[in-house]
file target-v1.csv (CSV, C-alpha atoms)
chain,number,residue,atom,x,y,z
X,1,MET,CA,51.5,4.2,83.6
X,2,SER,CA,55.2,4.0,82.6
X,3,THR,CA,56.1,1.7,85.5
X,4,PHE,CA,54.2,-1.1,83.9
X,5,ASP,CA,56.3,-3.2,81.6
X,6,PRO,CA,54.7,-3.3,78.1
X,7,VAL,CA,55.5,-7.0,77.7
X,8,LEU,CA,53.0,-7.6,80.6
X,9,LEU,CA,50.4,-5.8,78.6
X,10,PHE,CA,50.8,-8.5,75.9
X,11,PHE,CA,50.3,-11.1,78.6
X,12,LEU,CA,47.1,-9.3,79.7
X,13,LEU,CA,46.0,-9.1,76.1
X,14,GLY,CA,46.4,-12.8,75.6
X,15,LEU,CA,44.6,-13.5,78.9
X,16,THR,CA,41.7,-11.2,78.1
X,17,ALA,CA,41.4,-12.6,74.5
X,18,GLY,CA,41.4,-16.1,76.0
X,19,LEU,CA,38.8,-15.4,78.6
X,20,LEU,CA,36.6,-13.8,76.0
X,21,ARG,CA,37.0,-16.9,73.8
X,22,SER,CA,38.5,-15.0,71.0
X,23,GLU,CA,39.8,-17.1,68.1
X,24,LEU,CA,43.3,-15.8,68.6
X,25,ARG,CA,46.1,-18.3,68.8
X,26,LEU,CA,49.7,-18.5,67.9
X,27,PRO,CA,50.4,-21.3,65.5
X,28,ALA,CA,52.1,-24.2,67.3
X,29,ALA,CA,55.3,-23.9,65.2
X,30,VAL,CA,55.5,-20.2,66.0
X,31,TYR,CA,55.2,-20.8,69.7
X,32,GLU,CA,57.9,-23.4,69.5
X,33,LEU,CA,60.2,-21.1,67.6
X,34,VAL,CA,59.6,-18.2,70.0
X,35,SER,CA,60.3,-20.3,73.1
X,36,MET,CA,63.4,-21.7,71.5
X,37,LEU,CA,64.7,-18.2,70.8
X,38,LEU,CA,63.9,-17.2,74.3
X,39,LEU,CA,65.8,-20.2,75.8
X,40,LEU,CA,68.8,-19.8,73.6
X,41,SER,CA,69.2,-16.1,74.1
X,42,ILE,CA,68.9,-16.5,77.9
X,43,GLY,CA,71.5,-19.4,77.7
X,44,LEU,CA,73.9,-17.4,75.4
X,45,LYS,CA,73.7,-14.4,77.7
X,46,GLY,CA,74.6,-16.4,80.7
X,47,GLY,CA,77.3,-18.4,78.9
X,48,ILE,CA,79.2,-15.2,78.0
X,49,GLU,CA,79.6,-14.5,81.7
X,50,LEU,CA,80.4,-18.1,82.7
X,51,GLY,CA,84.0,-17.9,81.5
X,52,LYS,CA,84.6,-14.9,83.8
X,53,GLN,CA,83.6,-16.7,87.0
X,54,PRO,CA,86.0,-18.6,89.2
X,55,PHE,CA,85.1,-22.3,89.0
X,56,GLY,CA,85.0,-22.9,92.8
X,57,ASN,CA,82.5,-20.1,93.2
X,58,LEU,CA,80.2,-21.5,90.5
X,59,ALA,CA,80.3,-25.0,91.9
X,60,LEU,CA,79.4,-23.8,95.4
X,61,GLN,CA,76.5,-21.8,94.0
X,62,ALA,CA,75.3,-24.7,91.9
X,63,LEU,CA,75.4,-27.1,94.9
X,64,ALA,CA,73.5,-24.6,97.1
X,65,VAL,CA,70.8,-24.1,94.4
X,66,MET,CA,70.5,-27.8,93.9
X,67,ALA,CA,69.9,-28.2,97.7
X,68,MET,CA,67.2,-25.5,97.4
X,69,GLY,CA,65.6,-27.3,94.5
X,70,THR,CA,65.5,-30.5,96.6
X,71,LEU,CA,64.2,-28.7,99.8
X,72,LEU,CA,61.3,-26.8,98.3
X,73,PRO,CA,59.3,-29.8,97.0
X,74,LEU,CA,60.0,-31.6,100.3
X,75,ILE,CA,58.3,-28.7,102.1
X,76,ALA,CA,55.4,-28.4,99.6
X,77,PHE,CA,54.6,-32.1,99.6
X,78,PRO,CA,53.3,-32.4,103.2
X,79,VAL,CA,51.3,-29.2,102.8
X,80,LEU,CA,49.6,-30.5,99.8
X,81,ARG,CA,49.2,-34.0,101.1
X,82,TYR,CA,47.8,-33.2,104.6
X,83,MET,CA,46.4,-29.7,104.4
X,84,GLY,CA,45.2,-30.0,100.8
X,85,ARG,CA,44.2,-33.7,101.1
X,86,PHE,CA,45.6,-34.5,97.7
X,87,PRO,CA,46.3,-38.1,96.7
X,88,ARG,CA,50.0,-38.9,97.0
X,89,ALA,CA,50.8,-38.8,93.3
X,90,ASP,CA,49.1,-35.4,92.8
X,91,ALA,CA,50.8,-33.9,95.9
X,92,ALA,CA,54.2,-35.2,94.6
X,93,SER,CA,53.6,-33.9,91.1
X,94,ILE,CA,52.5,-30.4,92.2
X,95,ALA,CA,55.4,-30.2,94.7
X,96,ALA,CA,57.8,-31.0,91.9
X,97,HIS,CA,56.4,-28.2,89.8
X,98,TYR,CA,57.0,-25.7,92.6
X,99,GLY,CA,60.6,-26.9,93.3
X,100,SER,CA,61.6,-26.3,89.7
X,101,VAL,CA,61.7,-23.1,87.7
X,102,SER,CA,59.8,-21.2,85.0
X,103,VAL,CA,62.1,-19.7,82.3
X,104,ALA,CA,59.3,-17.4,81.3
X,105,THR,CA,59.2,-15.8,84.7
X,106,TYR,CA,62.9,-15.4,84.6
X,107,ALA,CA,62.6,-13.7,81.2
X,108,VAL,CA,60.0,-11.2,82.5
X,109,ALA,CA,62.2,-10.6,85.6
X,110,ALA,CA,65.3,-10.0,83.4
X,111,SER,CA,63.3,-7.5,81.3
X,112,TYR,CA,62.0,-5.8,84.5
X,113,PHE,CA,65.5,-5.5,86.0
X,114,ALA,CA,66.9,-4.2,82.7
X,115,SER,CA,64.3,-1.4,82.5
X,116,ARG,CA,65.1,-0.4,86.0
X,117,GLN,CA,68.9,-0.6,85.6
X,118,VAL,CA,69.1,-3.2,88.4
X,119,GLN,CA,72.3,-5.2,88.0
X,120,PHE,CA,72.4,-8.9,88.8
X,121,GLU,CA,74.9,-11.6,88.4
X,122,ALA,CA,75.0,-12.3,84.6
X,123,HIS,CA,75.6,-16.0,85.1
X,124,MET,CA,72.1,-16.4,86.6
X,125,PRO,CA,70.9,-18.6,83.6
X,126,PHE,CA,73.4,-21.2,84.8
X,127,LEU,CA,71.7,-21.4,88.2
X,128,LEU,CA,68.4,-21.4,86.3
X,129,ALA,CA,69.4,-24.5,84.4
X,130,VAL,CA,70.7,-26.2,87.6
X,131,LEU,CA,67.5,-25.5,89.5
X,132,GLU,CA,65.3,-27.2,86.8
X,133,VAL,CA,66.3,-30.7,87.5
X,134,PRO,CA,66.5,-31.8,91.2
X,135,ALA,CA,62.8,-31.2,91.8
X,136,ILE,CA,61.8,-33.6,89.1
X,137,LEU,CA,63.7,-36.4,90.8
X,138,VAL,CA,62.4,-35.5,94.2
X,139,GLY,CA,58.9,-35.5,92.8
X,140,ILE,CA,59.3,-39.0,91.3
X,141,VAL,CA,60.7,-40.3,94.6
X,142,LEU,CA,57.9,-38.7,96.6
X,143,ALA,CA,55.3,-40.3,94.4
X,144,ARG,CA,56.9,-43.7,94.0
X,145,GLY,CA,59.3,-44.1,97.0
X,146,PHE,CA,62.7,-45.7,96.3
X,147,SER,CA,61.8,-48.8,94.5
X,148,ARG,CA,64.1,-51.2,92.7
X,149,ASP,CA,62.1,-51.2,89.5
X,150,MET,CA,62.6,-47.5,89.0
X,151,ARG,CA,64.0,-47.1,85.5
X,152,ILE,CA,66.8,-44.7,86.4
X,153,GLY,CA,68.0,-44.4,82.8
X,154,ALA,CA,64.6,-43.4,81.5
X,155,ILE,CA,64.0,-40.9,84.3
X,156,ALA,CA,67.4,-39.3,83.9
X,157,HIS,CA,66.8,-39.1,80.1
X,158,GLU,CA,63.5,-37.4,80.7
X,159,ALA,CA,64.8,-35.0,83.3
X,160,LEU,CA,68.1,-34.0,81.6
X,161,LEU,CA,67.3,-34.1,78.0
X,162,GLY,CA,64.0,-32.3,77.9
X,163,LYS,CA,64.1,-29.7,75.1
X,164,GLY,CA,64.2,-26.8,77.6
X,165,ILE,CA,67.3,-28.0,79.3
X,166,VAL,CA,69.0,-28.9,76.1
X,167,LEU,CA,68.5,-25.4,74.6
X,168,LEU,CA,69.4,-23.6,77.8
X,169,VAL,CA,72.5,-25.6,78.5
X,170,GLY,CA,73.4,-25.6,74.8
X,171,GLY,CA,73.1,-21.8,74.8
X,172,LEU,CA,75.3,-21.6,77.9
X,173,VAL,CA,78.0,-23.7,76.3
X,174,ILE,CA,77.9,-21.9,73.0
X,175,GLY,CA,78.0,-18.5,74.8
X,176,TRP,CA,80.9,-19.7,77.0
X,177,ILE,CA,82.9,-21.0,74.0
X,178,SER,CA,82.2,-18.0,71.7
X,179,GLY,CA,82.3,-15.1,74.1
X,180,ALA,CA,80.7,-11.7,73.5
X,181,GLU,CA,82.8,-10.9,70.4
X,182,GLY,CA,82.1,-14.2,68.7
X,183,LEU,CA,78.4,-13.8,69.2
X,184,ALA,CA,78.3,-10.2,68.0
X,185,PRO,CA,77.0,-11.1,64.5
X,186,MET,CA,74.0,-12.8,66.1
X,187,ASN,CA,73.1,-10.0,68.4
X,188,PRO,CA,70.3,-8.7,66.2
X,189,LEU,CA,68.4,-12.1,66.5
X,190,PHE,CA,69.2,-13.2,70.0
X,191,PHE,CA,69.6,-10.0,72.0
X,192,ASP,CA,68.1,-7.0,70.1
X,193,LEU,CA,64.8,-8.8,69.4
X,194,PHE,CA,64.6,-10.2,73.0
X,195,LYS,CA,61.8,-7.9,74.1
X,196,GLY,CA,59.7,-8.4,71.0
X,197,ILE,CA,60.1,-12.2,71.2
X,198,LEU,CA,59.2,-12.1,74.9
X,199,ALA,CA,56.1,-10.1,74.0
X,200,LEU,CA,54.9,-12.6,71.5
X,201,PHE,CA,55.6,-15.4,73.9
X,202,LEU,CA,53.7,-13.8,76.7
X,203,LEU,CA,50.7,-13.2,74.4
X,204,GLU,CA,50.5,-17.0,74.0
X,205,MET,CA,51.2,-17.5,77.7
X,206,GLY,CA,48.1,-15.3,78.4
X,207,LEU,CA,46.0,-17.5,76.1
X,208,ILE,CA,47.3,-20.7,77.8
X,209,THR,CA,46.7,-19.2,81.2
X,210,ALA,CA,43.1,-18.4,80.3
X,211,THR,CA,42.5,-22.1,79.5
X,212,GLN,CA,43.5,-23.0,83.1
X,213,PHE,CA,40.9,-20.9,84.8
X,214,GLY,CA,38.1,-23.4,84.1
X,215,SER,CA,39.9,-26.1,85.9
X,216,LEU,CA,40.7,-23.8,88.8
X,217,ARG,CA,37.0,-23.1,89.3
X,218,ARG,CA,36.5,-26.9,89.6
X,219,TYR,CA,39.4,-27.6,92.0
X,220,GLY,CA,38.8,-24.8,94.3
X,221,LEU,CA,40.2,-22.4,96.8
X,222,PHE,CA,43.1,-24.5,98.2
X,223,LEU,CA,45.0,-24.5,94.9
X,224,VAL,CA,44.6,-20.7,94.6
X,225,LEU,CA,45.9,-20.2,98.1
X,226,PHE,CA,48.8,-22.6,97.6
X,227,GLY,CA,49.6,-21.1,94.2
X,228,ILE,CA,50.2,-17.7,96.0
X,229,GLY,CA,51.4,-18.9,99.4
X,230,MET,CA,54.1,-21.3,98.2
X,231,PRO,CA,55.9,-18.8,96.0
X,232,LEU,CA,55.8,-16.2,98.8
X,233,PHE,CA,57.5,-18.7,101.1
X,234,SER,CA,59.9,-19.9,98.4
X,235,SER,CA,61.0,-16.3,97.7
X,236,LEU,CA,62.0,-16.0,101.4
X,237,VAL,CA,64.2,-19.1,101.0
X,238,GLY,CA,65.7,-17.7,97.8
X,239,ILE,CA,66.5,-14.3,99.5
X,240,ALA,CA,68.1,-16.1,102.4
X,241,LEU,CA,70.2,-18.3,100.2
X,242,GLY,CA,71.2,-15.3,97.9
X,243,TYR,CA,72.3,-13.4,101.0
X,244,VAL,CA,74.3,-16.2,102.4
X,245,LEU,CA,76.0,-16.8,99.1
X,246,GLY,CA,77.0,-13.2,99.0
X,247,LEU,CA,75.1,-12.3,95.8
X,248,SER,CA,74.4,-8.7,94.9
X,249,LEU,CA,71.0,-7.2,95.6
X,250,GLY,CA,69.8,-7.8,92.1
X,251,GLY,CA,71.2,-11.4,92.2
X,252,THR,CA,69.5,-12.1,95.5
X,253,ALA,CA,66.1,-10.8,94.2
X,254,MET,CA,66.6,-12.9,91.0
X,255,LEU,CA,67.3,-16.0,93.1
X,256,ALA,CA,64.1,-15.3,95.0
X,257,ILE,CA,62.2,-15.1,91.7
X,258,LEU,CA,63.7,-18.4,90.5
X,259,ALA,CA,62.8,-20.0,93.8
X,260,ALA,CA,59.2,-18.6,93.7
X,261,SER,CA,58.5,-19.6,90.1
X,262,ALA,CA,56.9,-22.9,89.2
X,263,SER,CA,57.6,-25.0,86.2
X,264,TYR,CA,55.1,-25.7,83.5
X,265,ILE,CA,57.1,-27.3,80.7
X,266,ALA,CA,59.9,-29.6,81.9
X,267,VAL,CA,58.2,-30.9,85.0
X,268,PRO,CA,54.8,-31.7,83.5
X,269,ALA,CA,56.4,-33.5,80.6
X,270,ALA,CA,58.5,-35.6,83.0
X,271,MET,CA,55.7,-36.2,85.5
X,272,ARG,CA,53.3,-37.3,82.7
X,273,ILE,CA,55.7,-40.2,81.8
X,274,SER,CA,57.1,-41.0,85.3
X,275,VAL,CA,54.0,-40.5,87.5
X,276,PRO,CA,51.1,-41.1,85.1
X,277,GLU,CA,48.5,-41.4,87.8
X,278,ALA,CA,49.0,-37.8,88.8
X,279,ASN,CA,46.4,-35.5,87.3
X,280,PRO,CA,48.2,-33.0,85.1
X,281,THR,CA,45.3,-30.6,85.2
X,282,LEU,CA,45.8,-29.9,88.9
X,283,SER,CA,49.5,-29.0,88.7
X,284,LEU,CA,49.1,-26.9,85.6
X,285,ALA,CA,46.1,-25.0,87.0
X,286,ALA,CA,48.2,-24.1,90.0
X,287,SER,CA,51.5,-23.2,88.3
X,288,LEU,CA,50.0,-21.6,85.1
X,289,GLY,CA,46.6,-20.4,86.3
X,290,VAL,CA,47.8,-18.9,89.6
X,291,THR,CA,51.5,-18.7,90.2
X,292,PHE,CA,52.7,-17.5,86.8
X,293,PRO,CA,50.3,-14.6,86.6
X,294,PHE,CA,50.9,-13.7,90.3
X,295,ASN,CA,54.7,-13.8,89.9
X,296,VAL,CA,54.9,-11.7,86.7
X,297,THR,CA,52.4,-9.0,87.9
X,298,ILE,CA,52.9,-8.7,91.7
X,299,GLY,CA,55.6,-11.2,92.6
X,300,ILE,CA,58.6,-9.8,90.8
X,301,PRO,CA,58.4,-6.2,92.2
X,302,LEU,CA,57.4,-7.6,95.6
X,303,TYR,CA,60.4,-10.0,95.8
X,304,HIS,CA,62.7,-7.2,94.6
X,305,ALA,CA,61.3,-4.9,97.4
X,306,MET,CA,61.7,-7.7,100.0
X,307,ALA,CA,65.4,-8.2,99.0
X,308,THR,CA,66.0,-4.5,99.1
X,309,ARG,CA,64.5,-4.4,102.6
X,310,VAL,CA,66.7,-7.2,103.8
X,311,PHE,CA,69.8,-5.6,102.3
X,312,ALA,CA,68.9,-2.3,103.9
X,313,LEU,CA,68.3,-3.9,107.4
X,314,THR,CA,71.5,-5.8,107.4
X,315,GLY,CA,73.5,-2.9,105.8
X,316,GLY,CA,74.6,-5.2,103.0
V,1,MET,CA,43.9,-55.2,41.1
V,2,SER,CA,44.7,-57.9,43.6
V,3,SER,CA,44.5,-56.8,47.2
V,4,SER,CA,44.7,-58.4,50.6
V,5,MET,CA,42.9,-57.5,53.8
V,6,ARG,CA,44.8,-56.1,56.8
V,7,LYS,CA,43.8,-54.2,60.0
V,8,LEU,CA,44.2,-50.5,60.3
V,9,LEU,CA,44.7,-49.6,64.0
V,10,THR,CA,44.2,-46.0,64.9
V,11,ILE,CA,45.3,-44.6,68.2
V,12,ILE,CA,44.5,-41.1,69.4
V,13,THR,CA,46.3,-40.1,72.5
V,14,GLU,CA,48.5,-37.5,74.3
V,15,ALA,CA,51.5,-36.2,72.4
V,16,ALA,CA,53.6,-36.9,75.6
V,17,LEU,CA,53.3,-40.6,74.9
V,18,GLU,CA,54.8,-40.5,71.4
V,19,SER,CA,58.2,-41.9,72.1
V,20,VAL,CA,57.1,-44.5,74.6
V,21,LEU,CA,54.4,-45.7,72.2
V,22,ALA,CA,56.9,-45.9,69.3
V,23,LYS,CA,59.0,-48.3,71.4
V,24,ASP,CA,56.0,-50.4,72.4
V,25,LEU,CA,54.9,-50.7,68.8
V,26,GLU,CA,58.3,-51.8,67.6
V,27,ARG,CA,58.5,-54.4,70.4
V,28,LEU,CA,55.1,-55.8,69.4
V,29,GLY,CA,56.4,-56.4,65.9
V,30,VAL,CA,54.9,-53.7,63.7
V,31,GLN,CA,56.7,-52.9,60.4
V,32,GLY,CA,55.9,-49.3,60.4
V,33,TYR,CA,53.5,-46.6,61.7
V,34,THR,CA,52.5,-43.0,60.9
V,35,VAL,CA,52.1,-40.2,63.5
V,36,THR,CA,50.2,-37.0,62.8
V,37,ASP,CA,49.4,-34.1,65.1
V,38,ALA,CA,45.8,-33.9,66.2
V,39,ARG,CA,43.4,-31.9,68.3
V,40,GLY,CA,39.8,-32.4,69.5
V,41,LYS,CA,37.6,-32.9,72.4
V,42,GLY,CA,36.7,-35.9,74.6
V,43,SER,CA,36.0,-37.1,78.1
V,44,ARG,CA,39.2,-35.4,79.3
V,45,GLY,CA,38.2,-32.0,78.0
V,46,THR,CA,39.4,-30.0,75.0
V,47,ARG,CA,42.8,-30.9,73.6
V,48,ASN,CA,43.4,-27.9,71.5
V,49,ALA,CA,47.1,-28.5,70.7
V,50,ALA,CA,47.9,-24.8,71.5
V,51,TRP,CA,51.0,-26.1,73.2
V,52,GLY,CA,52.8,-29.3,74.1
V,53,GLU,CA,50.9,-30.3,77.1
V,54,SER,CA,47.5,-30.1,75.5
V,55,SER,CA,48.3,-31.6,72.1
V,56,ASN,CA,47.3,-35.0,70.8
V,57,ILE,CA,48.7,-37.3,68.2
V,58,ARG,CA,47.1,-39.8,65.9
V,59,VAL,CA,49.1,-43.0,65.4
V,60,GLU,CA,48.1,-45.3,62.5
V,61,VAL,CA,49.4,-48.8,62.1
V,62,VAL,CA,48.6,-51.3,59.4
V,63,CYS,CA,49.2,-54.9,60.5
V,64,ASP,CA,47.7,-58.3,60.6
V,65,ALA,CA,44.8,-59.2,62.9
V,66,ALA,CA,46.9,-60.9,65.5
V,67,THR,CA,49.3,-58.0,65.9
V,68,ALA,CA,46.4,-55.5,66.1
V,69,GLU,CA,44.9,-57.5,68.9
V,70,ALA,CA,48.2,-57.8,70.8
V,71,ILE,CA,48.7,-54.0,70.5
V,72,ALA,CA,45.1,-53.2,71.6
V,73,ALA,CA,45.4,-55.5,74.6
V,74,HIS,CA,48.8,-54.0,75.6
V,75,LEU,CA,47.6,-50.4,75.3
V,76,GLN,CA,44.4,-51.0,77.1
V,77,ALA,CA,46.2,-52.6,80.1
V,78,ARG,CA,49.1,-50.2,80.2
V,79,TYR,CA,47.6,-46.7,79.4
V,80,TYR,CA,43.8,-46.6,79.5
V,81,ASP,CA,43.6,-45.8,83.2
V,82,ASN,CA,45.9,-42.8,83.3
V,83,TYR,CA,46.1,-41.3,79.9
V,84,ALA,CA,43.7,-39.8,77.4
V,85,MET,CA,43.6,-42.5,74.8
V,86,ILE,CA,41.1,-44.0,72.3
V,87,LEU,CA,41.8,-46.8,69.8
V,88,PHE,CA,39.8,-48.3,67.0
V,89,VAL,CA,40.4,-51.0,64.4
V,90,SER,CA,39.1,-51.1,60.8
V,91,ASP,CA,39.6,-53.4,57.8
V,92,VAL,CA,41.7,-52.0,55.0
V,93,ALA,CA,42.8,-53.4,51.6
V,94,VAL,CA,46.5,-53.3,50.8
V,95,LEU,CA,48.3,-53.9,47.6
V,96,ARG,CA,51.6,-55.2,48.9
V,97,PRO,CA,50.7,-57.6,51.8
V,98,GLY,CA,54.4,-58.4,52.4
V,99,LYS,CA,54.9,-54.9,53.8
V,100,PHE,CA,52.5,-55.3,56.6

call {"tool": "encode", "arguments": {"input": "target-v1.csv", "output": "structure tokens"}}
result
Amino acid sequence: MSTFDPVLLFFLLGLTAGLLRSELRLPAAVYELVSMLLLLSIGLKGGIELGKQPFGNLALQALAVMAMGTLLPLIAFPVLRYMGRFPRADAASIAAHYGSVSVATYAVAASYFASRQVQFEAHMPFLLAVLEVPAILVGIVLARGFSRDMRIGAIAHEALLGKGIVLLVGGLVIGWISGAEGLAPMNPLFFDLFKGILALFLLEMGLITATQFGSLRRYGLFLVLFGIGMPLFSSLVGIALGYVLGLSLGGTAMLAILAASASYIAVPAAMRISVPEANPTLSLAASLGVTFPFNVTIGIPLYHAMATRVFALTGG
Amino acid sequence: MSSSMRKLLTIITEAALESVLAKDLERLGVQGYTVTDARGKGSRGTRNAAWGESSNIRVEVVCDAATAEAIAAHLQARYYDNYAMILFVSDVAVLRPGKF
């Protein structure tokens, strides 16, 4: 089956090995390195393109994407609170996960588009970085309300200086300063090896996903339905926004994928410190156990097809 | 060998707490502490350290009895409800009491 991206087979291998309780695991330091390389190469690639974009255009897109990152958790919260009957802190924390993004999903999508020669705006990693943060702040406010004793400094530090954001933004800046020619000597590490690194990363993701299935069984059907329903809804918002912003077909599909993806690194870390009473098992079971596997297997081709349909219908 | 008795306070908790905990310890007046990565299983399930969210740390502090009690009381009040955390205290002999 040549249409199935081989990197996904690595994910399935990890998932299967995890479910069968194999002893397989990536050493923690290797996993750290692999995710660093992934974040840096995505950042560098986006940074090279940043310099070519008019500033006003970028600022407008960044503002629109921030608005989307604020809106999505505000929609998810009442659904979780009143339909899912979750306690306030849990509903706020899960909502924040779904307003933010997953870099791994972006990486799989980039690889999917590359193998199909679908072009998309190369400065997408910039929007990816922008979309990570607003949902964290919205989630904290949803859980806590606006209170005077909110330690803004500590929260901002947590949200803006998580290692994912630092590496992604750092890569963007280095790519922007250096340009494609400056980075050429590093191509073998950051760009040529991208697929292999992604494969190793997804192997570990499969193992991690497998550990979430146990908690899913315990917390039931609603989380599974939410974990599939929410990204489907978010992808529609992403497609609408991409269309309004005048992005290309590939760019619109990519924005839909970003909207649909759910965080599992930046948001859990921030929530653990800022909203300690929220149960991290719930949000990780949903974002890692349901949404991530759904997005990389079914979601990405589906959102691409939906965007294609919208462009065909509107003659765009 | 002349030695003095001090308390060894061992805290096993979520890796996410490391930086917050370090600040707390310094504020409570400890002279130093040691952090190691850890994994294991407890009432909050397996913490296998496969990745950041599921990893544990073990923090060891050697200090006098009063400080050990202050730390234990603070941690219990502040973190026990919402975080995976255990803490135990043992007696240890040290050679240079001035350091602790």

call {"tool": "interface_residues", "arguments": {"input": "target-v1.csv", "of": "chain V", "to": "chain X", "cutoff": "12 Å", "atoms": "only C-alpha atoms", "output": "short mmCIF file (atom, residue, chain, number, x, y, z; two decimals) with C-alpha atoms, in the frame of the given file"}}
result
data_model
loop_
_atom_site.label_atom_id
_atom_site.label_comp_id
_atom_site.auth_asym_id
_atom_site.auth_seq_id
_atom_site.Cartn_x
_atom_site.Cartn_y
_atom_site.Cartn_z
CA GLU V 14 48.50 -37.50 74.30
CA ALA V 15 51.50 -36.20 72.40
CA ALA V 16 53.60 -36.90 75.60
CA LEU V 17 53.30 -40.60 74.90
CA GLU V 18 54.80 -40.50 71.40
CA SER V 19 58.20 -41.90 72.10
CA VAL V 20 57.10 -44.50 74.60
CA LEU V 21 54.40 -45.70 72.20
CA ASP V 37 49.40 -34.10 65.10
CA ALA V 38 45.80 -33.90 66.20
CA ARG V 39 43.40 -31.90 68.30
CA ARG V 44 39.20 -35.40 79.30
CA GLY V 45 38.20 -32.00 78.00
CA THR V 46 39.40 -30.00 75.00
CA ARG V 47 42.80 -30.90 73.60
CA ASN V 48 43.40 -27.90 71.50
CA ALA V 49 47.10 -28.50 70.70
CA ALA V 50 47.90 -24.80 71.50
CA TRP V 51 51.00 -26.10 73.20
CA GLY V 52 52.80 -29.30 74.10
CA GLU V 53 50.90 -30.30 77.10
CA SER V 54 47.50 -30.10 75.50
CA SER V 55 48.30 -31.60 72.10
CA ARG V 78 49.10 -50.20 80.20
CA TYR V 79 47.60 -46.70 79.40
CA TYR V 80 43.80 -46.60 79.50
CA ASP V 81 43.60 -45.80 83.20
CA ASN V 82 45.90 -42.80 83.30
CA TYR V 83 46.10 -41.30 79.90
CA ALA V 84 43.70 -39.80 77.40
#

call {"tool": "atom_distance", "arguments": {"input": "target-v1.csv", "atom1": "atom CA of Ile155 of chain X", "atom2": "atom CA of Val35 of chain V"}}
result
24.0 Å

call {"tool": "closest_residue", "arguments": {"input": "target-v1.csv", "among": "V:Ser3, V:Val61, V:Val92, V:Gly98", "to": "Gly32 of chain V", "atoms": "all atoms listed in the file"}}
result
V:Val61

call {"tool": "closest_residue", "arguments": {"input": "target-v1.csv", "among": "X:Thr16, X:Thr105, X:Thr252, X:Ser287", "to": "Leu203 of chain X", "atoms": "only C-alpha atoms"}}
result
X:Thr16

call {"tool": "closest_atom_pairs", "arguments": {"input": "target-v1.csv", "of": "segment 209-280 of chain X", "to": "segment 293-313 of chain X", "cutoff": "8 Å", "atoms": "all atoms listed in the file", "output": "tab-separated table"}}
result
residue	atom	partner	partner_atom	distance
X:Thr209	CA	X:Pro293	CA	8.0
X:Ile228	CA	X:Phe294	CA	7.0
X:Pro231	CA	X:Asn295	CA	8.0
X:Leu232	CA	X:Gly299	CA	8.0
X:Ser235	CA	X:Tyr303	CA	6.6
X:Ile239	CA	X:Ala307	CA	6.2
X:Leu249	CA	X:Ala307	CA	6.6
X:Gly250	CA	X:His304	CA	7.6
X:Thr252	CA	X:Ala307	CA	6.7
X:Ala253	CA	X:His304	CA	5.0
X:Met254	CA	X:His304	CA	7.8
X:Ala256	CA	X:Tyr303	CA	6.5
X:Ile257	CA	X:Ile300	CA	6.5
X:Ala260	CA	X:Asn295	CA	7.6
X:Ser261	CA	X:Asn295	CA	6.9

call {"tool": "write_last_selection", "arguments": {"input": "target-v1.csv", "atoms": "C-alpha atoms", "output": "PDB file, in the frame of the given file"}}
result
ATOM      1  CA  THR X 209      46.700 -19.200  81.200  1.00  0.00           C
ATOM      2  CA  ILE X 228      50.200 -17.700  96.000  1.00  0.00           C
ATOM      3  CA  PRO X 231      55.900 -18.800  96.000  1.00  0.00           C
ATOM      4  CA  LEU X 232      55.800 -16.200  98.800  1.00  0.00           C
ATOM      5  CA  SER X 235      61.000 -16.300  97.700  1.00  0.00           C
ATOM      6  CA  ILE X 239      66.500 -14.300  99.500  1.00  0.00           C
ATOM      7  CA  LEU X 249      71.000  -7.200  95.600  1.00  0.00           C
ATOM      8  CA  GLY X 250      69.800  -7.800  92.100  1.00  0.00           C
ATOM      9  CA  THR X 252      69.500 -12.100  95.500  1.00  0.00           C
ATOM     10  CA  ALA X 253      66.100 -10.800  94.200  1.00  0.00           C
ATOM     11  CA  MET X 254      66.600 -12.900  91.000  1.00  0.00           C
ATOM     12  CA  ALA X 256      64.100 -15.300  95.000  1.00  0.00           C
ATOM     13  CA  ILE X 257      62.200 -15.100  91.700  1.00  0.00           C
ATOM     14  CA  ALA X 260      59.200 -18.600  93.700  1.00  0.00           C
ATOM     15  CA  SER X 261      58.500 -19.600  90.100  1.00  0.00           C
TER      16      SER X 261
END

call {"tool": "residues_around", "arguments": {"input": "target-v1.csv", "residues": "segment 174-190 of chain X", "least_positions_apart": "2", "cutoff": "9 Å", "atoms": "only C-alpha atoms", "output": "list in words"}}
result
Leu37, Leu38, Leu40, Ser41, Ile42, Gly43, Leu44, Lys45, Gly46, Gly47, Ile48, Glu49, Leu50, Gly51, Val169, Gly170, Gly171, Leu172, Asp192, Leu193 and Phe194 of chain X

call {"tool": "residues_around", "arguments": {"input": "target-v1.csv", "residues": "segment 220-225 of chain X", "least_positions_apart": "6", "cutoff": "10 Å", "atoms": "only C-alpha atoms", "output": "compact mmCIF listing (two decimals) with C-alpha atoms, keeping the file's coordinate frame"}}
result
# COMPACT_ATOMS: atom_id res chain seq x y z
CA LEU X 80 49.60 -30.50 99.80
CA MET X 83 46.40 -29.70 104.40
CA GLY X 84 45.20 -30.00 100.80
CA ARG X 85 44.20 -33.70 101.10
CA ILE X 94 52.50 -30.40 92.20
CA LEU X 282 45.80 -29.90 88.90
CA SER X 283 49.50 -29.00 88.70
CA ALA X 285 46.10 -25.00 87.00
CA ALA X 286 48.20 -24.10 90.00
CA SER X 287 51.50 -23.20 88.30
CA GLY X 289 46.60 -20.40 86.30
CA VAL X 290 47.80 -18.90 89.60
CA THR X 291 51.50 -18.70 90.20
